[in-house]
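Q: Below is the file model00.txt, which contains compact mmCIF, C-alpha atoms.
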# COMPACT_ATOMS: atom_id res chain seq x y z
CA MET E 28 8.45 23.76 13.22
CA LYS E 29 10.56 23.45 16.33
CA THR E 30 13.66 21.34 16.18
CA THR E 31 12.50 19.75 19.42
CA ARG E 32 9.58 18.25 17.57
CA THR E 33 11.87 17.22 14.74
CA LEU E 34 14.18 15.45 17.15
CA ALA E 35 11.29 13.80 18.95
CA THR E 36 10.06 12.49 15.59
CA ALA E 37 13.56 11.26 14.82
CA VAL E 38 13.65 9.46 18.16
CA ALA E 39 10.47 7.59 17.37
CA ALA E 40 11.48 6.84 13.78
CA ALA E 41 14.85 5.55 14.91
CA VAL E 42 13.60 3.05 17.42
CA THR E 43 10.10 1.85 16.50
CA ALA E 44 11.09 -0.70 13.86
CA PRO E 45 9.52 -3.92 15.16
CA LEU E 46 11.74 -6.85 16.01
CA LEU E 47 10.46 -10.36 15.59
CA LEU E 48 11.60 -11.48 19.02
CA LEU E 49 9.19 -14.38 19.28
CA ALA E 50 9.02 -16.88 22.09
CA ALA E 51 6.97 -20.07 22.17
CA ALA E 52 4.68 -20.30 25.20
CA PRO E 53 5.37 -23.25 27.50
CA ALA E 54 2.43 -25.49 28.20
CA TYR E 55 0.54 -26.22 31.37
CA ALA E 56 3.07 -28.70 32.79
CA THR E 57 3.67 -32.40 33.34
CA THR E 58 1.37 -35.24 34.36
CA VAL E 59 1.04 -37.95 36.94
CA THR E 60 0.42 -41.08 34.86
CA PRO E 61 2.34 -42.51 31.88
CA PRO E 62 2.47 -39.66 29.43
CA PRO E 63 1.10 -39.51 25.92
CA ALA E 64 2.42 -36.39 24.22
CA ALA E 65 -0.11 -33.67 24.91
CA PRO E 66 -0.08 -30.27 23.20
CA SER E 67 0.17 -27.15 25.25
CA VAL E 68 -2.50 -24.56 25.77
CA SER E 69 -1.62 -21.07 26.84
CA ALA E 70 -3.08 -20.02 30.16
CA PRO E 71 -4.67 -16.62 30.80
CA THR E 72 -2.15 -13.84 30.90
CA PRO E 73 -1.62 -12.47 34.42
CA SER E 74 -3.20 -9.06 33.88
CA PRO E 75 -6.11 -7.09 35.36
CA SER E 76 -8.30 -8.57 32.60
CA PRO E 77 -6.81 -12.00 31.94
CA SER E 78 -6.99 -13.31 28.41
CA PRO E 79 -5.38 -16.29 26.71
CA ALA E 80 -1.87 -15.60 25.50
CA ALA E 81 -1.30 -15.49 21.78
CA PHE E 82 -0.25 -18.65 20.01
CA GLY E 83 2.47 -18.49 17.37
CA LYS E 84 4.92 -20.46 15.28
CA LYS E 85 8.63 -20.31 15.76
CA PRO E 86 10.25 -17.67 13.59
CA SER E 87 11.92 -18.99 10.47
CA ILE E 88 15.52 -18.25 9.50
CA ALA E 89 14.18 -15.80 6.92
CA GLU E 90 12.13 -14.02 9.59
CA LEU E 91 15.11 -13.86 11.93
CA GLU E 92 17.28 -12.47 9.13
CA LYS E 93 14.62 -9.86 8.46
CA ALA E 94 14.57 -9.02 12.17
CA VAL E 95 18.35 -8.51 12.11
CA THR E 96 18.05 -6.26 9.06
CA GLN E 97 15.35 -4.19 10.73
CA ALA E 98 17.32 -3.99 13.96
CA ARG E 99 20.46 -2.91 12.10
CA LYS E 100 18.51 -0.22 10.24
CA ALA E 101 16.95 0.98 13.50
CA HIS E 102 20.41 1.22 15.06
CA GLN E 103 21.82 3.11 12.06
CA ASP E 104 18.89 5.53 12.12
CA ALA E 105 19.34 6.09 15.84
CA VAL E 106 23.04 6.83 15.41
CA ALA E 107 22.34 9.22 12.52
CA ALA E 108 19.69 11.05 14.55
CA GLN E 109 22.06 11.35 17.49
CA GLU E 110 24.84 12.76 15.31
CA ALA E 111 22.49 15.26 13.67
CA ALA E 112 21.21 16.40 17.06
CA LEU E 113 24.74 16.85 18.39
CA LYS E 114 25.71 18.88 15.34
CA GLU E 115 22.70 21.11 15.89
CA LEU E 116 23.48 21.59 19.56
CA ARG E 117 27.05 22.68 18.79
CA LYS E 118 25.90 25.59 16.64
CA SER E 119 25.98 29.19 17.87
CA HIS E 120 22.50 30.61 18.34
CA ARG E 121 23.28 33.08 15.56
CA GLU E 122 23.77 30.15 13.19
CA ARG E 123 20.42 28.59 13.94
CA ASP E 124 17.10 29.13 12.20
CA TRP E 125 15.04 28.34 15.30
CA PRO E 126 12.27 30.95 15.83
CA GLU E 127 13.69 31.40 19.32
CA ALA E 128 17.18 31.97 17.90
CA VAL E 129 15.89 34.43 15.28
CA ALA E 130 13.99 36.35 17.97
CA LEU E 131 17.07 36.42 20.21
CA VAL E 132 19.30 37.75 17.43
CA ALA E 133 16.76 40.51 16.67
CA ALA E 134 16.45 41.37 20.37
CA GLU E 135 20.23 41.53 20.71
CA LYS E 136 20.46 43.85 17.70
CA GLU E 137 17.72 46.07 19.10
CA ALA E 138 19.43 46.16 22.48
CA GLU E 139 22.77 47.03 20.88
CA THR E 140 21.15 49.90 18.96
CA ALA E 141 19.42 51.19 22.10
CA THR E 142 22.66 50.97 24.07
CA ALA E 143 24.51 52.95 21.41
CA ALA E 144 21.77 55.60 21.36
CA HIS E 145 21.85 55.93 25.12
CA THR E 146 25.63 56.18 25.14
CA ALA E 147 25.45 58.98 22.56
CA ALA E 148 22.70 60.77 24.50
CA ALA E 149 24.64 60.54 27.75
CA LYS E 150 27.73 61.92 26.03
CA ALA E 151 25.70 64.80 24.55
CA LEU E 152 24.31 65.62 28.00
CA GLU E 153 27.78 65.57 29.47
CA GLU E 154 29.04 67.94 26.78
CA ALA E 155 26.07 70.32 27.19
CA GLU E 156 26.59 70.45 30.93
CA ALA E 157 30.30 71.12 30.40
CA LYS E 158 29.55 74.02 28.05
CA LEU E 159 27.13 75.53 30.53
CA ALA E 160 29.69 75.27 33.30
CA ALA E 161 32.40 76.83 31.10
CA LEU E 162 30.46 80.00 30.32
CA PRO E 163 32.50 83.08 31.40
CA GLY E 164 31.08 85.74 33.65
CA THR E 165 30.93 88.07 30.65
CA ALA E 166 28.43 85.76 28.87
CA THR E 167 25.23 87.47 27.86
CA PRO E 168 21.88 86.36 29.26
CA GLU E 169 20.96 85.01 25.85
CA GLU E 170 24.11 82.84 25.71
CA ARG E 171 23.47 81.48 29.20
CA GLU E 172 19.80 80.79 28.38
CA ALA E 173 20.79 78.90 25.19
CA ALA E 174 23.33 76.80 27.09
CA GLU E 175 20.77 75.92 29.79
CA LYS E 176 18.21 74.98 27.13
CA ALA E 177 20.77 72.73 25.43
CA VAL E 178 21.38 70.96 28.74
CA GLU E 179 17.63 70.48 29.30
CA THR E 180 17.16 69.04 25.81
CA ALA E 181 20.14 66.71 26.21
CA ARG E 182 18.82 65.57 29.60
CA THR E 183 15.40 64.73 28.09
CA THR E 184 17.01 62.84 25.19
CA GLU E 185 19.22 60.86 27.58
CA ALA E 186 16.25 59.94 29.76
CA THR E 187 14.29 58.74 26.73
CA ALA E 188 17.28 56.75 25.49
CA ALA E 189 17.72 55.20 28.94
CA THR E 190 14.07 54.07 28.93
CA THR E 191 14.41 52.63 25.42
CA LYS E 192 17.60 50.83 26.44
CA ALA E 193 15.95 49.35 29.54
CA THR E 194 13.02 48.10 27.43
CA ALA E 195 15.37 46.58 24.86
CA ASP E 196 17.50 44.95 27.55
CA ALA E 197 14.40 43.37 29.12
CA LYS E 198 13.25 42.14 25.71
CA ARG E 199 16.68 40.63 25.06
CA ALA E 200 16.66 38.93 28.48
CA ALA E 201 13.23 37.41 27.80
CA ALA E 202 14.32 36.23 24.35
CA ASP E 203 17.45 34.76 25.91
CA ASP E 204 15.34 32.86 28.47
CA THR E 205 13.08 31.50 25.75
CA TYR E 206 16.07 30.46 23.67
CA ILE E 207 17.72 28.72 26.62
CA ASP E 208 14.54 26.81 27.38
CA ARG E 209 14.41 25.67 23.79
CA TYR E 210 18.08 24.68 23.88
CA ILE E 211 17.53 22.60 27.01
CA GLU E 212 14.55 20.87 25.39
CA ASP E 213 16.74 19.88 22.47
CA ALA E 214 19.49 18.79 24.84
CA GLN E 215 16.97 16.53 26.57
CA ALA E 216 15.88 15.19 23.20
CA TYR E 217 19.52 14.47 22.45
CA SER E 218 19.76 12.57 25.73
CA LEU E 219 16.83 10.43 24.61
CA LEU E 220 18.57 9.84 21.32
CA LYS E 221 21.64 8.58 23.17
CA LYS E 222 19.44 6.11 25.04
CA ALA E 223 17.76 5.15 21.77
CA VAL E 224 21.16 4.28 20.33
CA GLU E 225 21.94 2.10 23.34
CA THR E 226 18.55 0.37 23.12
CA ALA E 227 18.86 -0.15 19.38
CA ALA E 228 22.34 -1.62 19.84
CA ALA E 229 21.03 -4.05 22.46
CA ASP E 230 18.12 -5.04 20.21
CA LEU E 231 20.48 -5.60 17.30
CA ALA E 232 22.68 -7.81 19.45
CA ALA E 233 19.63 -9.80 20.61
CA ALA E 234 18.36 -10.25 17.06
CA GLU E 235 21.79 -11.35 15.84
CA LYS E 236 22.09 -13.83 18.70
CA ALA E 237 18.62 -15.25 17.99
CA LEU E 238 19.61 -15.78 14.36
CA GLU E 239 22.94 -17.29 15.33
CA ASP E 240 21.28 -19.68 17.79
CA ALA E 241 18.65 -20.70 15.25
CA ARG E 242 21.30 -21.46 12.65
CA LYS E 243 23.40 -23.33 15.18
CA ASN E 244 20.44 -25.44 16.36
CA GLY E 245 18.94 -25.92 12.93
CA ASP E 246 15.71 -24.22 14.00
CA GLY E 247 13.44 -21.92 12.10
CA ASP E 248 13.26 -23.77 8.77
CA GLY E 249 10.27 -25.95 9.41
CA GLY E 250 11.76 -28.01 12.24
CA ASP E 251 12.22 -31.73 11.59
CA ASP E 252 12.57 -33.33 8.19
CA ASP E 253 8.92 -34.39 8.24
CA GLY E 254 7.86 -30.74 8.36
CA ASP E 255 6.86 -30.82 12.06
CA ASP E 256 7.65 -27.39 13.44
CA GLY E 257 6.85 -28.40 17.01
CA MET E 258 3.58 -26.47 17.00
CA CYS E 259 -0.08 -27.50 17.33
CA LYS E 260 -2.85 -25.86 15.39
CA GLY E 261 -5.83 -24.16 16.97
CA ASP E 262 -9.16 -26.00 16.84
CA ASP E 263 -12.25 -25.19 18.92
CA ARG E 264 -14.34 -28.05 17.53
CA LEU E 265 -13.23 -30.31 20.36
CA VAL E 266 -15.59 -28.91 22.97
CA ALA E 267 -14.93 -28.90 26.73
CA GLU E 268 -17.96 -27.92 28.83
CA LEU E 269 -18.17 -27.59 32.61
CA THR E 270 -21.31 -28.57 34.56
CA GLY E 271 -22.14 -28.79 38.24
CA LEU E 272 -20.05 -25.95 39.69
CA PRO E 273 -22.28 -23.73 41.85
CA ALA E 274 -21.75 -20.00 42.15
CA LYS E 275 -20.99 -20.44 45.87
CA VAL E 276 -19.00 -23.25 47.46
CA THR E 277 -19.05 -23.78 51.21
CA ALA E 278 -15.72 -23.58 53.02
CA GLY E 279 -15.01 -26.90 54.72
CA GLY E 280 -17.36 -28.75 52.37
CA THR E 281 -16.95 -30.64 49.11
CA VAL E 282 -18.24 -29.93 45.62
CA ASP E 283 -18.13 -32.22 42.60
CA PHE E 284 -18.41 -31.05 39.00
CA THR E 285 -17.74 -32.40 35.55
CA VAL E 286 -15.91 -31.36 32.39
CA ARG E 287 -17.38 -33.13 29.38
CA VAL E 288 -15.11 -33.36 26.33
CA THR E 289 -17.01 -33.82 23.05
CA ASN E 290 -15.42 -34.59 19.68
CA ASN E 291 -17.11 -32.38 17.10
CA THR E 292 -14.13 -32.39 14.73
CA GLY E 293 -15.83 -34.80 12.31
CA GLU E 294 -13.00 -37.34 12.64
CA ALA E 295 -11.85 -39.73 15.33
CA VAL E 296 -9.10 -38.54 17.65
CA ASP E 297 -6.48 -40.79 19.25
CA ARG E 298 -6.36 -38.86 22.52
CA ALA E 299 -8.66 -36.13 23.82
CA TYR E 300 -7.74 -33.91 26.74
CA GLY E 301 -9.80 -31.95 29.19
CA ARG E 302 -7.82 -29.05 30.57
CA VAL E 303 -8.73 -27.31 33.82
CA THR E 304 -7.18 -24.33 35.58
CA LEU E 305 -7.89 -22.94 39.05
CA ALA E 306 -7.37 -19.18 38.98
CA PRO E 307 -5.95 -17.37 40.73
CA GLY E 308 -3.83 -20.26 41.92
CA THR E 309 -0.46 -20.53 43.60
CA HIS E 310 1.51 -23.33 45.22
CA THR E 311 0.16 -22.15 48.58
CA VAL E 312 -3.48 -21.61 47.60
CA VAL E 313 -4.22 -24.67 45.45
CA PRO E 314 -3.51 -27.30 48.15
CA LEU E 315 -6.11 -25.59 50.36
CA PHE E 316 -8.76 -26.77 47.87
CA LYS E 317 -7.55 -30.41 47.95
CA PRO E 318 -8.34 -30.68 44.23
CA ARG E 319 -8.87 -34.20 42.83
CA TYR E 320 -9.95 -35.70 39.52
CA ALA E 321 -11.23 -38.97 38.10
CA VAL E 322 -11.87 -40.07 34.51
CA GLY E 323 -15.16 -41.54 33.36
CA THR E 324 -16.75 -43.89 35.90
CA SER E 325 -13.50 -44.56 37.72
CA THR E 326 -13.76 -44.60 41.51
CA THR E 327 -10.09 -43.66 41.88
CA TRP E 328 -9.57 -39.99 42.74
CA ARG E 329 -6.17 -38.51 42.02
CA ASP E 330 -4.72 -35.35 43.53
CA TRP E 331 -3.64 -32.36 41.50
CA ASN E 332 -1.81 -29.79 43.54
CA SER E 333 -0.72 -27.50 40.73
CA TRP E 334 -2.56 -24.59 39.16
CA GLY E 335 -4.06 -26.74 36.46
CA ILE E 336 -4.29 -30.16 34.84
CA GLY E 337 -4.67 -31.62 31.37
CA VAL E 338 -6.18 -35.08 31.54
CA ASP E 339 -6.26 -37.68 28.73
CA VAL E 340 -9.88 -38.86 28.64
CA GLY E 341 -9.15 -41.39 25.87
CA ALA E 342 -9.83 -41.84 22.16
CA LEU E 343 -13.08 -40.39 20.85
CA LYS E 344 -15.03 -41.19 17.72
CA PRO E 345 -16.81 -38.38 15.85
CA GLY E 346 -19.64 -37.06 18.05
CA ALA E 347 -18.54 -39.09 21.09
CA HIS E 348 -17.78 -37.61 24.49
CA ALA E 349 -15.98 -38.49 27.72
CA ASP E 350 -16.21 -37.01 31.20
CA LEU E 351 -13.51 -35.69 33.48
CA ARG E 352 -14.88 -35.54 37.04
CA LEU E 353 -13.42 -33.05 39.50
CA ARG E 354 -13.74 -32.47 43.22
CA LEU E 355 -12.84 -29.48 45.39
CA SER E 356 -12.80 -29.51 49.20
CA PRO E 357 -11.95 -25.91 50.13
CA SER E 358 -10.47 -25.35 53.56
CA ALA E 359 -12.27 -23.18 56.06
CA LYS E 360 -9.31 -20.80 55.70
CA LEU E 361 -10.56 -19.96 52.19
CA GLU E 362 -13.68 -18.19 53.43
CA LYS E 363 -14.52 -15.21 51.15
CA TRP E 364 -12.12 -16.45 48.42
CA SER E 365 -13.27 -15.55 44.91
CA GLY E 366 -11.93 -17.01 41.70
CA ARG E 367 -12.76 -19.10 38.67
CA ILE E 368 -12.37 -22.44 36.96
CA GLU E 369 -11.23 -22.25 33.34
CA VAL E 370 -11.63 -25.15 30.94
CA SER E 371 -10.52 -25.99 27.40
CA GLY E 372 -9.79 -29.03 25.29
CA SER E 373 -7.11 -30.44 23.01
CA TYR E 374 -6.49 -33.60 21.05
CA GLU E 375 -4.00 -35.69 19.08
CA ARG E 376 -4.67 -37.48 15.84
CA GLY E 377 -1.81 -39.45 14.33
CA GLY E 378 1.20 -37.11 14.27
CA GLU E 379 -0.97 -33.99 14.49
CA CYS E 380 -2.22 -32.10 17.48
CA ALA E 381 -4.64 -29.24 18.08
CA ALA E 382 -5.96 -27.28 21.02
CA ASN E 383 -8.69 -24.78 21.77
CA THR E 384 -7.91 -21.14 21.20
CA THR E 385 -10.43 -20.18 23.90
CA LEU E 386 -10.73 -20.71 27.64
CA LYS E 387 -14.23 -20.89 29.13
CA SER E 388 -14.28 -19.22 32.50
CA HIS E 389 -16.71 -20.07 35.35
CA THR E 390 -16.56 -17.88 38.44
CA PHE E 391 -17.38 -19.03 41.95
CA GLN E 392 -16.91 -17.92 45.54
CA VAL E 393 -16.01 -19.79 48.71
CA VAL E 394 -18.39 -18.79 51.49
CA ALA E 395 -18.61 -19.61 55.19
CA ALA E 396 -20.87 -22.43 56.22
CA THR E 397 -24.24 -21.37 57.61
CA PRO E 398 -24.44 -22.51 61.26
CA SER E 399 -27.44 -24.65 62.17
CA PRO E 400 -29.76 -23.05 64.75
CA THR E 401 -29.92 -26.28 66.75
CA PRO E 402 -27.73 -29.41 66.83
CA THR E 403 -28.76 -31.93 64.23
CA PRO E 404 -28.51 -35.63 65.15
CA PRO E 405 -26.44 -37.74 62.75
CA ALA E 406 -28.37 -39.50 60.02
CA ASN E 407 -28.67 -43.29 60.04
CA THR E 408 -27.06 -43.51 56.65
CA PRO E 409 -24.27 -41.26 55.45
CA ALA E 410 -25.03 -38.91 52.64
CA PRO E 411 -23.50 -40.09 49.37
CA GLN E 412 -20.40 -38.38 48.12
CA GLY E 413 -20.50 -36.53 44.83
CA GLY E 414 -22.84 -34.04 43.28
CA THR E 415 -25.62 -34.30 40.74
CA LYS E 416 -25.49 -33.16 37.19
CA THR E 417 -26.93 -29.79 36.43
CA ALA E 418 -27.38 -27.71 33.34
CA PRO E 419 -24.12 -26.24 32.07
CA LEU E 420 -23.16 -22.99 33.69
CA THR E 421 -22.85 -20.04 31.40
CA GLY E 422 -19.22 -19.04 31.47
CA THR E 423 -17.33 -16.25 29.85
CA THR E 424 -15.23 -17.24 26.89
CA THR E 425 -11.96 -15.43 26.28
CA THR E 426 -10.68 -15.73 22.73
CA ALA E 427 -6.96 -15.94 22.19
CA THR E 428 -5.27 -13.96 19.48
CA THR E 429 -3.69 -16.43 17.08
CA THR E 430 -0.48 -15.94 15.15
CA GLY E 431 0.02 -18.43 12.39
CA GLY E 432 -2.86 -20.51 13.78
CA THR E 433 -0.59 -22.74 15.81
CA LEU E 434 -0.06 -23.80 19.39
CA ALA E 435 3.18 -24.72 21.12
CA ARG E 436 3.61 -28.48 21.61
CA THR E 437 5.71 -29.33 24.63
CA GLY E 438 4.91 -32.97 25.17
CA SER E 439 3.49 -34.05 28.50
CA SER E 440 1.04 -36.61 29.82
CA ASP E 441 -2.51 -37.25 30.92
CA ALA E 442 -2.68 -35.03 34.01
CA LEU E 443 -0.66 -31.85 34.15
CA ASN E 444 0.95 -31.42 37.56
CA GLY E 445 2.17 -27.82 37.37
CA LEU E 446 0.90 -24.94 35.35
CA ALA E 447 3.70 -23.00 33.71
CA VAL E 448 2.26 -19.77 32.42
CA ALA E 449 4.10 -17.82 29.76
CA SER E 450 3.42 -16.14 26.45
CA GLY E 451 5.23 -14.90 23.36
CA ALA E 452 6.64 -11.39 23.46
CA ALA E 453 7.04 -8.68 20.81
CA VAL E 454 9.34 -5.74 21.49
CA LEU E 455 8.10 -2.28 20.52
CA LEU E 456 10.43 0.55 21.27
CA GLY E 457 9.67 4.27 21.26
CA ALA E 458 10.71 7.57 22.74
CA ALA E 459 9.44 11.12 23.09
CA ALA E 460 11.08 14.38 24.07
CA VAL E 461 10.87 15.45 27.71
CA TYR E 462 9.96 19.08 28.05
CA GLY E 463 11.82 20.95 30.77
CA THR E 464 10.77 23.74 33.06
CA ARG E 465 12.41 27.15 33.25
CA ARG E 466 16.12 26.84 33.98
CA ARG E 467 18.68 29.47 34.91
CA ARG E 468 19.50 31.90 32.16
CA THR E 469 22.92 31.75 30.52
CA THR E 470 24.58 33.72 27.75
CA GLY E 471 26.13 32.52 24.53
CA ALA E 472 25.46 29.24 22.71
Could you spell out this file's structure in structure tokens?
A:
Amino acid sequence: MKTTRTLATAVAAAVTAPLLLLAAAPAYATTVTPPPAAPSVSAPTPSPSPSPAAFGKKPSIAELEKAVTQARKAHQDAVAAQEAALKELRKSHRERDWPEAVALVAAEKEAETATAAHTAAAKALEEAEAKLAALPGTATPEEREAAEKAVETARTTEATAATTKATADAKRAAADDTYIDRYIEDAQAYSLLKKAVETAAADLAAAEKALEDARKNGDGDGGDDDGDDGMCKGDDRLVAELTGLPAKVTAGGTVDFTVRVTNNTGEAVDRAYGRVTLAPGTHTVVPLFKPRYAVGTSTTWRDWNSWGIGVDVGALKPGAHADLRLRLSPSAKLEKWSGRIEVSGSYERGGECAANTTLKSHTFQVVAATPSPTPTPPANTPAPQGGTKTAPLTGTTTTATTTGGTLARTGSSDALNGLAVASGAAVLLGAAAVYGTRRRRTTGA
């Protein structure tokens, strides 16, 4: 097996030890009204196919110590692989057992033998020609004929030896090219190993710092004395359902819809939250929708100019529900805009909190208003604001991958003003050899 493959394997083995570099995901944001402490729910990851970010607990001291041990081992392995590769590169090609090196040594030996044979044949021809030239005028015809025949034989032998030498030289040159290509491949693998050492050293430093910070801050051992690790569990039994959002919304118009939060947990909850996200949303796009919300039968509409909100709809008994009413008034500038509304729920009960591990997505499109063929006189009575209830839209549900079955609790309030999207990260490192193209031929090792 080629050493290149061996080195490539060593690269991967040296740097693929996983590090538990875990990060808690920040929650949606803050709220407008006096804040009860609301748990956070991870928003869809910003990717071509958005999905909820994974939820996870903070790493314990033991986990961080394990991460340091793994990082240190990865660094040691990377250093050992680099040293072994350098030792191999410093060898003469005659000391190597590479197939390319073995073939080159054989070709060199064959070329040396052919060169020696040609040298001998050329010398024999030179001697035969000298003898023929030195024949005296008294030489017999037989002596002259024998000398001429010797020259002809020597000339044929020299020509054959020259052809053999040329073939052997070409074979040696080809073997030398192949060997050099192989050497360069291993040199490139060594370069990757150098980078692997640097990466492994950086990862080790990061793991050691994470452990040091956790020890300094007293984190990672269950959090507070009461066992609260600052995380919320996942629970999809508190159901948040959206109704009333049409597939197409007219630019310049207004649409009302509802998110109903139902407590199917089997126990009363102190605070239930309906969480809503406008996606894709930015600080420049969201205001163009003039998004507003109201709780229950309240006639007071409040603005939410961030990507999403999490609204406290109150305490709920088992089986009870509460409504979060929402209103969008998309600007005419949003014609042909396509996006979605994503909803989920969360709750607090005593000192515990939980949140959905899924986001239910409902797509819609902003379309241009259809012009009336003729002017329409104003009606005597204005049309009432607000929409009517419809059957729930069928939305797509994206299930989050859970780690430890917990959600990050950040503390907030009843209407989240800004949506901070983030997710935990795991570092996976790897490397592979880069195969080179034909380079200039050199001699020696």
Q: Do you have the atom CA of E:Pro307-atom CA of E:Arg367 distance handy?
A: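 Distance between the two atoms: 7.3 Å.
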Q: Smallest atom-to-atom distance to E:Thr194: which of E:Ala138, E:Ala105, E:Leu116, E:Val370, using only C-alpha atoms?
A: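 Answer, going by the shortest atom-to-atom distance: E:Ala138.
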Q: Can you work out the spacing between atom CA of E:Glu127 and atom CA of E:Tyr210 in Å, to one decimal?
A: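 These two atoms are separated by 9.2 Å.
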Q: Neighbours of E:Lys236 within 12 Å (all atoms listed in the file; same-chain residues fewer than 4 positions away dropped), as a PyMOL selection string?
A: chain E and resi 48+91-92+94-95+98+229-232+240-244
Q: Do you know which residues lie at most 12 Å from (-19.0, -41.4, 18.4), with coordinates as in the file and only C-alpha atoms counted, and could you write them as a ChimeraX atom specification?
A: /E:288-296,342-349
Q: If you measure from atom CA of E:Gln109 to atom CA of E:Leu220, what distance in Å do you get, rounded to one decimal?
A: 5.4 Å
Q: Could you name the residues that touch E:Arg171 at 12 Å or less, counting all atoms listed in the file, but leaving out those on the same chain fewer than 3 positions away, as a ChimeraX atom specification?
A: /E:155-156,158-168,174-178
Q: With 5 Å of padding per side, what axis-aligned box (centre and edge lengths, Å, one decimal) covers all the listed atoms of stretch 318-336 of chain E? Give it as JSON.
A:
{"center_x": -8.7, "center_y": -34.6, "center_z": 38.8, "size_x": 26.0, "size_y": 30.0, "size_z": 20.9}
Q: Applying 10 Å and all atoms listed in the file, which residues near E:Thr142 remain after dropping the ones on its own chain fewer than 5 positions away? List them as a CSV table (one decimal) with C-alpha atoms, keeping the file's coordinate frame.
A:
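Output below, filename out_32.csv:
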chain,number,residue,atom,x,y,z
E,136,LYS,CA,20.5,43.8,17.7
E,137,GLU,CA,17.7,46.1,19.1
E,147,ALA,CA,25.4,59.0,22.6
E,148,ALA,CA,22.7,60.8,24.5
E,188,ALA,CA,17.3,56.8,25.5
E,189,ALA,CA,17.7,55.2,28.9
E,191,THR,CA,14.4,52.6,25.4
E,192,LYS,CA,17.6,50.8,26.4
E,193,ALA,CA,16.0,49.4,29.5
E,195,ALA,CA,15.4,46.6,24.9
E,196,ASP,CA,17.5,45.0,27.6
Q: List as JSON lines every residue of stretch 240-304 of chain E that is in contact with stretch 384-388 of chain E, defined as an atom at most 7 Å from one of its atoms (using all atoms listed in the file), together with the nearest atom pair and the distance in Å rounded to one decimal, sorted by chain and then rising number.
A:
{"residue": "E:Gly261", "atom": "CA", "partner": "E:Thr384", "partner_atom": "CA", "distance": 5.6}
{"residue": "E:Asp262", "atom": "CA", "partner": "E:Thr384", "partner_atom": "CA", "distance": 6.6}
{"residue": "E:Asp263", "atom": "CA", "partner": "E:Thr384", "partner_atom": "CA", "distance": 6.4}
Q: Restricted to C-alpha atoms, what would the selected residues look like written as a CSV table (one decimal), in the frame of the given file?
A:
chain,number,residue,atom,x,y,z
E,261,GLY,CA,-5.8,-24.2,17.0
E,262,ASP,CA,-9.2,-26.0,16.8
E,263,ASP,CA,-12.2,-25.2,18.9
Q: Have a look at E:Lys114, E:Lys221, E:Arg354, E:Arg298 and name the one nearest to E:Thr285; count only C-alpha atoms.
A: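 Smallest distance to E:Thr285 is found for E:Arg354.
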Q: Please produce stretch 317-325 of chain E, completed to N, CA, C and O atoms, as a PDB file, in the frame of the given file.
A:
ATOM      1  N   LYS E 317      -7.665 -28.956  48.072  1.00  0.00           N
ATOM      2  CA  LYS E 317      -7.550 -30.410  47.950  1.00  0.00           C
ATOM      3  C   LYS E 317      -8.158 -30.892  46.623  1.00  0.00           C
ATOM      4  O   LYS E 317      -9.039 -31.756  46.611  1.00  0.00           O
ATOM      5  N   PRO E 318      -7.719 -30.337  45.508  1.00  0.00           N
ATOM      6  CA  PRO E 318      -8.340 -30.680  44.230  1.00  0.00           C
ATOM      7  C   PRO E 318      -8.017 -32.115  43.814  1.00  0.00           C
ATOM      8  O   PRO E 318      -6.891 -32.583  43.953  1.00  0.00           O
ATOM      9  N   ARG E 319      -9.030 -32.825  43.297  1.00  0.00           N
ATOM     10  CA  ARG E 319      -8.870 -34.200  42.830  1.00  0.00           C
ATOM     11  C   ARG E 319      -9.617 -34.375  41.510  1.00  0.00           C
ATOM     12  O   ARG E 319     -10.507 -33.576  41.183  1.00  0.00           O
ATOM     13  N   TYR E 320      -9.269 -35.427  40.780  1.00  0.00           N
ATOM     14  CA  TYR E 320      -9.950 -35.700  39.520  1.00  0.00           C
ATOM     15  C   TYR E 320     -10.070 -37.205  39.322  1.00  0.00           C
ATOM     16  O   TYR E 320      -9.323 -38.008  39.887  1.00  0.00           O
ATOM     17  N   ALA E 321     -11.026 -37.579  38.494  1.00  0.00           N
ATOM     18  CA  ALA E 321     -11.230 -38.970  38.100  1.00  0.00           C
ATOM     19  C   ALA E 321     -11.783 -38.961  36.683  1.00  0.00           C
ATOM     20  O   ALA E 321     -12.507 -38.037  36.288  1.00  0.00           O
ATOM     21  N   VAL E 322     -11.446 -39.993  35.906  1.00  0.00           N
ATOM     22  CA  VAL E 322     -11.870 -40.070  34.510  1.00  0.00           C
ATOM     23  C   VAL E 322     -13.011 -41.072  34.378  1.00  0.00           C
ATOM     24  O   VAL E 322     -12.947 -42.188  34.913  1.00  0.00           O
ATOM     25  N   GLY E 323     -14.049 -40.644  33.634  1.00  0.00           N
ATOM     26  CA  GLY E 323     -15.160 -41.540  33.360  1.00  0.00           C
ATOM     27  C   GLY E 323     -15.861 -42.002  34.626  1.00  0.00           C
ATOM     28  O   GLY E 323     -16.202 -41.209  35.507  1.00  0.00           O
ATOM     29  N   THR E 324     -16.055 -43.313  34.731  1.00  0.00           N
ATOM     30  CA  THR E 324     -16.750 -43.890  35.900  1.00  0.00           C
ATOM     31  C   THR E 324     -15.772 -44.408  36.944  1.00  0.00           C
ATOM     32  O   THR E 324     -16.177 -45.082  37.894  1.00  0.00           O
ATOM     33  N   SER E 325     -14.498 -44.086  36.777  1.00  0.00           N
ATOM     34  CA  SER E 325     -13.500 -44.560  37.720  1.00  0.00           C
ATOM     35  C   SER E 325     -13.797 -44.082  39.130  1.00  0.00           C
ATOM     36  O   SER E 325     -14.232 -42.946  39.344  1.00  0.00           O
TER      37      SER E 325
END
